[in-house]
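Student: One structure is given below, represented as structure tokens, and several questions about it will come after.
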Amino acid sequence: MSHKNSISLLCSLFFIFNSFCSADIDKTKYITLDEIRPGMDANCLTVYQGVEPARYNLKVVAVVKNIAPNRNAILVMGTDDSFIHTGPVAGCSGSPVYIDGRLAGALAFGWSFSKDPLYGVTPIEEMLNVGNARPSTNAAYSSALDSKKPIDLKASYNQLTNLKSRPSSPVGVSELACPITTNLPQSSFANVADIFESAGLIPVSAGSSSGDAEFPDLTMKPGGILALPLVYGDIDLSAIGTITEVIDDKVYAFGHSLLGHGPIELPMATGQVHTVVANLVKSFKYGRPLEIKGALYADESTAVVGTIGRKAAAIPMTITVDRFNDEKVRTYKSYVAAHKYFTPLLTSACLSGTATMLGDLPAESSVHYKTRIGINGYDPITIENFSSSDDLQTYISDSVGALNLIMNNPYDRPEITSLEFEIKIQPQNLVSHIWNFEVSQTTVKPGQTIAVSITLEEFLNTSIKAYKTEIKIPEDTEPGDYMLTAGGADNYRMFLAQYAPYKFMPENMPNLIKVINQIGNMKRNSLYVTLALPASGIAIENSQLPQLPVTKSLLLKSDKRAMTVMPDADWIEKIMPVGTVVLDSQNLTITVEKD
């Protein structure tokens with residue numbers, strides 16, 4: 001091809017590209033960046049109170065090109081008294097901005113501690129492109145399971161609560177936050193508030209949607225509230241933002257991402273604003289969701305997009321609370337959005353909130369709890385356990401840690417069909433320590449039996465209780481010194497993780513469920529006695545080859561093999577229910593002599 005023809009082709013492609021882009025925007029409805037100049041008058045629609053949008057005056061400050069890669073922005077200043085009083089408002093995300101009677105974009109970002117109502121506007125042409133990209137199935141949240149370590153429910157929960165979806169900046173530009181309105185106590189978010197805030201969500205206690213019959217004919221329209229009911233039913237927990245544009249049944253909102261995960265499935269609803277709370281740090285809309293109208297399907301950098309009439313998947317959740325200072329057992333029935341990142345976080349807030357509706361737990365308290373997670377196509381997770389004097393941390397980390405592992409693992413993304421939780425709270429300190437640990441003899445021969453006596457002393461109580469058991473030394477035990485340990489569930493779990501880690505390193509989904517159930521049901525109100533014995537074979541992944549001949553064992557342990565090979569641990573254990581959480585452990589050395 002000649003140089004002249006190449007130039008001609010490039011010019012033709014450039015013309016076609018520009019014609020295509022121009023055709024995408026109806027300039028009778030929308031105003032583009034090339035038409036906007038500093039000093040132009042503007043206005044926006046948003047709800048400061050009630051359900052109907054009101055118009056507020058703005059002034060264009062500047063058009064900022066390439067404020068971020070492939071991103072532009074319009075800076076506007078609020079000139080209306082309400083905007084001047086409140087400054088940038090969380091919940092105004094998506095408020096449509098009009099210039100010359102045409103839609104220019106949406107209020108989307110501001111500056112922390114700004115003294116003026118200065119907003120950044122995401123151009124409408126960038127918002128209208130959202131949802132057109134090819135769907136991606138790439139995980140936006142890494143696996144909660146480290147396949148090289150034994151499963152730990154608490155570690156899974158801690159990983160979840162340590163995640164930040166985006167860095168925060170105390171003085172720099174930041175997307176306008178969306179208030180999370182809820183009927184849960186504000187303290188429900190103590191462990192997850194930072195995570196929600198890093199996602200641009202501010203928890204605000206603001207009542208429920210029980211009164212939505214007041215607005216039966218409310219439609220989704222520009223400037224109206226867009227609520228995302230993340231939990232709904234007896235428990236309400238919804239993100240609040242603003243609708244930018246409605247085209248047929250398609251709804252564009254926020255002017256920025258929620259999480260930026262691309263494809264998304266969350267319910268969307270109309271909403272009401274009680275008032276705007278003017279705050280020196282961050283003003284916000286104080287409101288509530290009303291009626292679910294559809295569902296979001298796209299979450300990208302410049303907008304979220306949903307469809308009216310679309311239905312989002314939700315998981316039925318039942319939480320039953322039997323609390324010592326409540327005259328009746330309370331059951332909360334709700335639906336929680338099915339989302340691999342949000343669902344565990346929302347569940348954590350709901351478990352905390354329902355248990356503390358009548359106040360925080362006393363310092364001296366005990367918690368009996370049951371958890372059941374229904375999983376389509378697999379056995380359920382079923383956990384029943386006990387904790388004492390650790391607030392709600394064990395209950396929540398066991399339950400939510402298990403849910404996080406099921407929803408974020410390297411094997412499958414199964415459908416969660418149900419979440420069921422029961423908790424009974426009593427004002428009792430049921431914690432003890434080992435006051436005495438002794439055996440009938442510390443030097444034995446193979447085949448002999450050792451009598452074990454353990455005395456527990458309960459804290460804040462003069463009660464001392466003795467427990468007895470027996471340990472029989474196997475006939476084939478080699479001479480040597482062996483460690484006999486008595487301790488609580490946490491010590492027992494650490495012993496197993498160190499001595500037989502392969503038992504808690506799953507290799508598929510059914511095995512993951514089995515291991516979670518095994519760990520979650522190690523009773524904390526039991527006493528564990530273990531005698532570690534020498535390894536008699538090897539373990540390859542979850543397969544055990546006990547009493548393997550030495551020659552074959554050496555062959556399988558070869559460093560030329562990629563498969564992990566571990567010693568096949570052996571031990572004797574005795575488990576005794578004691579009714580208290582044993583906090584410590586003690587060891588004795590048992591010497592086995594030649595027979």
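Letters for chains follow the order of the structure tokens (A, B, ...), residue numbers begin at 1 for each chain, and ligand numbers begin at 1 in the order shown.
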Within 9 Å of stretch 524-530 of chain A, counting only C-alpha atoms, which residues show up once you throw out same-chain ones fewer than 6 positions away? Write them as a PDB file with N, CA and C atoms, in the first residue's frame, please.
Tutor:
```pdb
ATOM      1  N   ASN A 385     -21.152 -24.356  68.588  1.00  0.00           N
ATOM      2  CA  ASN A 385     -20.029 -24.186  69.493  1.00  0.00           C
ATOM      3  C   ASN A 385     -20.355 -23.187  70.590  1.00  0.00           C
ATOM      4  N   PHE A 386     -19.325 -22.788  71.326  1.00  0.00           N
ATOM      5  CA  PHE A 386     -19.499 -22.030  72.559  1.00  0.00           C
ATOM      6  C   PHE A 386     -18.295 -21.112  72.751  1.00  0.00           C
ATOM      7  N   SER A 387     -18.523 -19.941  73.319  1.00  0.00           N
ATOM      8  CA  SER A 387     -17.415 -19.060  73.696  1.00  0.00           C
ATOM      9  C   SER A 387     -17.796 -18.318  74.971  1.00  0.00           C
ATOM     10  N   LEU A 430     -17.627 -18.239  81.928  1.00  0.00           N
ATOM     11  CA  LEU A 430     -17.375 -19.687  81.966  1.00  0.00           C
ATOM     12  C   LEU A 430     -16.009 -19.963  81.356  1.00  0.00           C
ATOM     13  N   VAL A 431     -14.994 -19.433  82.037  1.00  0.00           N
ATOM     14  CA  VAL A 431     -13.607 -19.584  81.602  1.00  0.00           C
ATOM     15  C   VAL A 431     -12.820 -20.216  82.744  1.00  0.00           C
ATOM     16  N   VAL A 452      -4.649 -40.332  84.118  1.00  0.00           N
ATOM     17  CA  VAL A 452      -4.439 -38.882  83.996  1.00  0.00           C
ATOM     18  C   VAL A 452      -5.470 -38.155  84.845  1.00  0.00           C
ATOM     19  N   THR A 469      -9.005 -39.406  83.156  1.00  0.00           N
ATOM     20  CA  THR A 469      -9.072 -40.238  81.960  1.00  0.00           C
ATOM     21  C   THR A 469      -7.875 -41.174  81.966  1.00  0.00           C
ATOM     22  N   ILE A 471      -4.753 -43.098  79.393  1.00  0.00           N
ATOM     23  CA  ILE A 471      -4.043 -43.169  78.114  1.00  0.00           C
ATOM     24  C   ILE A 471      -3.287 -44.498  78.075  1.00  0.00           C
ATOM     25  N   MET A 483       5.495 -36.358  74.395  1.00  0.00           N
ATOM     26  CA  MET A 483       4.851 -35.216  75.043  1.00  0.00           C
ATOM     27  C   MET A 483       3.369 -35.483  75.264  1.00  0.00           C
ATOM     28  N   LEU A 484       2.954 -35.421  76.524  1.00  0.00           N
ATOM     29  CA  LEU A 484       1.544 -35.517  76.889  1.00  0.00           C
ATOM     30  C   LEU A 484       1.061 -34.107  77.206  1.00  0.00           C
ATOM     31  N   THR A 485      -0.033 -33.675  76.548  1.00  0.00           N
ATOM     32  CA  THR A 485      -0.521 -32.302  76.693  1.00  0.00           C
ATOM     33  C   THR A 485      -1.983 -32.295  77.092  1.00  0.00           C
ATOM     34  N   ALA A 486      -2.319 -31.391  78.007  1.00  0.00           N
ATOM     35  CA  ALA A 486      -3.714 -31.140  78.374  1.00  0.00           C
ATOM     36  C   ALA A 486      -3.992 -29.656  78.112  1.00  0.00           C
ATOM     37  N   GLY A 487      -5.115 -29.344  77.462  1.00  0.00           N
ATOM     38  CA  GLY A 487      -5.405 -27.946  77.166  1.00  0.00           C
ATOM     39  C   GLY A 487      -6.789 -27.758  76.578  1.00  0.00           C
ATOM     40  N   GLY A 488      -7.075 -26.534  76.215  1.00  0.00           N
ATOM     41  CA  GLY A 488      -8.370 -26.196  75.650  1.00  0.00           C
ATOM     42  C   GLY A 488      -8.407 -26.380  74.143  1.00  0.00           C
ATOM     43  N   ALA A 489      -9.532 -25.987  73.539  1.00  0.00           N
ATOM     44  CA  ALA A 489      -9.754 -26.202  72.109  1.00  0.00           C
ATOM     45  C   ALA A 489      -8.748 -25.454  71.249  1.00  0.00           C
ATOM     46  N   ASP A 490      -8.388 -24.242  71.646  1.00  0.00           N
ATOM     47  CA  ASP A 490      -7.442 -23.477  70.837  1.00  0.00           C
ATOM     48  C   ASP A 490      -6.074 -24.154  70.811  1.00  0.00           C
ATOM     49  N   ASN A 491      -5.647 -24.678  71.955  1.00  0.00           N
ATOM     50  CA  ASN A 491      -4.371 -25.402  72.000  1.00  0.00           C
ATOM     51  C   ASN A 491      -4.435 -26.689  71.179  1.00  0.00           C
ATOM     52  N   TYR A 492      -5.571 -27.358  71.255  1.00  0.00           N
ATOM     53  CA  TYR A 492      -5.758 -28.592  70.480  1.00  0.00           C
ATOM     54  C   TYR A 492      -5.710 -28.296  68.979  1.00  0.00           C
ATOM     55  N   PHE A 495      -2.179 -27.689  67.999  1.00  0.00           N
ATOM     56  CA  PHE A 495      -1.459 -28.964  67.982  1.00  0.00           C
ATOM     57  C   PHE A 495      -1.703 -29.690  66.662  1.00  0.00           C
ATOM     58  N   TRP A 571      -1.137 -39.954  66.950  1.00  0.00           N
ATOM     59  CA  TRP A 571      -1.283 -39.501  68.329  1.00  0.00           C
ATOM     60  C   TRP A 571      -2.478 -40.185  68.977  1.00  0.00           C
ATOM     61  N   ILE A 572      -2.521 -40.105  70.291  1.00  0.00           N
ATOM     62  CA  ILE A 572      -3.662 -40.584  71.072  1.00  0.00           C
ATOM     63  C   ILE A 572      -4.338 -39.352  71.657  1.00  0.00           C
ATOM     64  N   GLU A 573      -5.674 -39.326  71.642  1.00  0.00           N
ATOM     65  CA  GLU A 573      -6.372 -38.163  72.201  1.00  0.00           C
ATOM     66  C   GLU A 573      -7.571 -38.589  73.022  1.00  0.00           C
ATOM     67  N   LYS A 574      -7.864 -37.794  74.029  1.00  0.00           N
ATOM     68  CA  LYS A 574      -9.050 -37.946  74.859  1.00  0.00           C
ATOM     69  C   LYS A 574      -9.725 -36.586  74.951  1.00  0.00           C
ATOM     70  N   ILE A 575     -11.046 -36.565  74.741  1.00  0.00           N
ATOM     71  CA  ILE A 575     -11.791 -35.308  74.770  1.00  0.00           C
ATOM     72  C   ILE A 575     -12.855 -35.412  75.855  1.00  0.00           C
ATOM     73  N   MET A 576     -12.848 -34.428  76.781  1.00  0.00           N
ATOM     74  CA  MET A 576     -13.779 -34.445  77.912  1.00  0.00           C
ATOM     75  C   MET A 576     -14.564 -33.144  77.984  1.00  0.00           C
ATOM     76  N   PRO A 577     -15.921 -33.194  77.898  1.00  0.00           N
ATOM     77  CA  PRO A 577     -16.731 -31.985  78.087  1.00  0.00           C
ATOM     78  C   PRO A 577     -16.546 -31.453  79.503  1.00  0.00           C
ATOM     79  N   VAL A 578     -16.300 -30.143  79.623  1.00  0.00           N
ATOM     80  CA  VAL A 578     -16.067 -29.561  80.956  1.00  0.00           C
ATOM     81  C   VAL A 578     -16.971 -28.354  81.237  1.00  0.00           C
ATOM     82  N   GLY A 579     -17.672 -27.834  80.224  1.00  0.00           N
ATOM     83  CA  GLY A 579     -18.609 -26.732  80.451  1.00  0.00           C
ATOM     84  C   GLY A 579     -17.983 -25.363  80.517  1.00  0.00           C
ATOM     85  N   THR A 580     -16.647 -25.275  80.395  1.00  0.00           N
ATOM     86  CA  THR A 580     -15.969 -23.979  80.407  1.00  0.00           C
ATOM     87  C   THR A 580     -14.941 -23.928  79.283  1.00  0.00           C
ATOM     88  N   VAL A 581     -14.535 -22.729  78.933  1.00  0.00           N
ATOM     89  CA  VAL A 581     -13.465 -22.542  77.957  1.00  0.00           C
ATOM     90  C   VAL A 581     -12.134 -22.607  78.691  1.00  0.00           C
ATOM     91  N   VAL A 582     -11.322 -23.597  78.370  1.00  0.00           N
ATOM     92  CA  VAL A 582     -10.009 -23.761  78.998  1.00  0.00           C
ATOM     93  C   VAL A 582      -9.006 -22.920  78.210  1.00  0.00           C
TER      94      VAL A 582
END
```
Student: Please extract the residues of stretch 42-272 of chain A with a backbone DSSP assignment of strand (DSSP E or B) and present them as a PyMOL selection string.
Tutor: chain A and resi 42-46+50+54-68+71-78+89-90+96-99+102-111+118-123+173-175+178-182+201-205+225-233+237-247+250-253+262-272
Student: Write out as a Markdown table a residue-level contact list of stretch 44-151 of chain A versus stretch 224-244 of chain A with cut-off 9 Å: for each qualifying residue the closest pair of atoms and the distance in Å to one decimal, counting only C-alpha atoms, rows sorted by chain and residue number upward.
Tutor:
```
| residue | atom | partner | partner_atom | distance |
| --- | --- | --- | --- | --- |
| A:Leu45 | CA | A:Gly224 | CA | 7.9 |
| A:Thr46 | CA | A:Gly224 | CA | 6.3 |
| A:Val47 | CA | A:Gly224 | CA | 6.3 |
| A:Val51 | CA | A:Gly224 | CA | 6.8 |
| A:Glu52 | CA | A:Gly224 | CA | 6.5 |
| A:Pro53 | CA | A:Gly224 | CA | 5.6 |
| A:Ala90 | CA | A:Gly241 | CA | 7.9 |
| A:Gly91 | CA | A:Gly241 | CA | 4.5 |
| A:Cys92 | CA | A:Thr242 | CA | 5.9 |
| A:Ser93 | CA | A:Gly241 | CA | 5.4 |
| A:Gly94 | CA | A:Thr242 | CA | 4.6 |
| A:Ser95 | CA | A:Thr242 | CA | 5.3 |
| A:Pro96 | CA | A:Thr244 | CA | 4.7 |
| A:Val97 | CA | A:Thr244 | CA | 8.3 |
| A:Leu103 | CA | A:Thr244 | CA | 8.9 |
| A:Gly105 | CA | A:Thr244 | CA | 7.4 |
| A:Ala106 | CA | A:Thr244 | CA | 6.1 |
| A:Leu107 | CA | A:Thr244 | CA | 8.8 |
| A:Ile124 | CA | A:Thr244 | CA | 8.7 |
```
Student: I need the chosen residues saved as an mmCIF file, in the first residue's frame, with C-alpha atoms.
Tutor:
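Output file again13.cif follows:
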```
data_model
loop_
_atom_site.group_PDB
_atom_site.id
_atom_site.type_symbol
_atom_site.label_atom_id
_atom_site.label_comp_id
_atom_site.auth_asym_id
_atom_site.auth_seq_id
_atom_site.Cartn_x
_atom_site.Cartn_y
_atom_site.Cartn_z
ATOM 1 C CA LEU A 45 -31.402 17.843 40.497
ATOM 2 C CA THR A 46 -31.158 16.082 43.825
ATOM 3 C CA VAL A 47 -33.241 15.244 46.889
ATOM 4 C CA VAL A 51 -38.711 11.884 47.559
ATOM 5 C CA GLU A 52 -38.997 14.572 44.885
ATOM 6 C CA PRO A 53 -35.834 16.095 43.363
ATOM 7 C CA ALA A 90 -22.472 12.023 50.702
ATOM 8 C CA GLY A 91 -25.455 10.637 48.832
ATOM 9 C CA CYS A 92 -25.376 13.311 46.124
ATOM 10 C CA SER A 93 -23.361 10.921 43.941
ATOM 11 C CA GLY A 94 -25.118 10.778 40.594
ATOM 12 C CA SER A 95 -27.107 14.022 40.928
ATOM 13 C CA PRO A 96 -27.620 15.093 37.300
ATOM 14 C CA VAL A 97 -26.007 18.386 36.262
ATOM 15 C CA LEU A 103 -27.548 16.893 30.752
ATOM 16 C CA GLY A 105 -23.055 14.594 33.767
ATOM 17 C CA ALA A 106 -23.293 13.686 37.442
ATOM 18 C CA LEU A 107 -21.903 15.024 40.699
ATOM 19 C CA ILE A 124 -22.434 12.000 30.716
#
```
Student: Restricting the calculation to only C-alpha atoms: of A:Glu384, A:Asp379, A:Asp360, A:Asp481, which residue gets closest to A:Ile406?
Tutor: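 For A:Ile406, the nearest of the given residues is A:Asp379.
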Student: So the first atom is atom CA of A:Ser440 and the second is atom CA of A:Ser453; what is the distance between them in Å, to one decimal place?
Tutor: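 Computing the Euclidean distance for atom CA of A:Ser440 and atom CA of A:Ser453 yields 8.2 Å.
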Student: Between atom CA of A:Lys154 and atom CA of A:Asp398, measure the distance and give it in Å to one decimal.
Tutor: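 About the pair atom CA of A:Lys154 and atom CA of A:Asp398: they are 6.4 Å apart.
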Student: How would you write, as a PyMOL selection string, the set of residues in stretch 21-244 of chain A that DSSP gives as alpha helix (DSSP H)?
Tutor: chain A and resi 21-24+81-86+124-127+153-162+193-198
Student: Tell me, as a list in words, which residues lie within 6 Å of stretch 25-38 of chain A, counting only C-alpha atoms; anything in the same chain fewer than 4 positions away does not count.
Tutor: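 That gives Val60, Val61, Ala62, Arg102, Leu103 and Ala104 of chain A.
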Student: Write out as a ChimeraX atom specification which residues come within 9 Å of A:Thr86 when counting only C-alpha atoms, dropping same-chain ones fewer than 2 positions away.
Tutor: /A:81-84,88-89,116-117,276-280,282-284
Student: Please produce a file of the residues just selected, as a PDB file, in the first residue's frame, where the atoms kept are C-alpha atoms.
Tutor:
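Output saved as result.pdb:
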```pdb
ATOM      1  CA  ASP A  81     -27.765  28.547  49.895  1.00  0.00           C
ATOM      2  CA  SER A  82     -28.443  24.878  50.715  1.00  0.00           C
ATOM      3  CA  PHE A  83     -25.290  23.753  48.893  1.00  0.00           C
ATOM      4  CA  ILE A  84     -23.211  26.493  50.520  1.00  0.00           C
ATOM      5  CA  PRO A  88     -20.220  18.345  49.418  1.00  0.00           C
ATOM      6  CA  VAL A  89     -22.834  15.803  50.529  1.00  0.00           C
ATOM      7  CA  ASP A 116     -16.786  25.430  49.530  1.00  0.00           C
ATOM      8  CA  PRO A 117     -19.437  23.300  47.787  1.00  0.00           C
ATOM      9  CA  VAL A 276     -29.322  16.295  54.967  1.00  0.00           C
ATOM     10  CA  VAL A 277     -27.056  16.290  58.008  1.00  0.00           C
ATOM     11  CA  ALA A 278     -24.583  19.167  57.610  1.00  0.00           C
ATOM     12  CA  ASN A 279     -21.278  17.992  59.043  1.00  0.00           C
ATOM     13  CA  LEU A 280     -17.903  19.705  59.357  1.00  0.00           C
ATOM     14  CA  LYS A 282     -18.610  15.021  55.761  1.00  0.00           C
ATOM     15  CA  SER A 283     -22.258  16.001  55.246  1.00  0.00           C
ATOM     16  CA  PHE A 284     -24.594  13.172  54.296  1.00  0.00           C
TER      17      PHE A 284
END
```
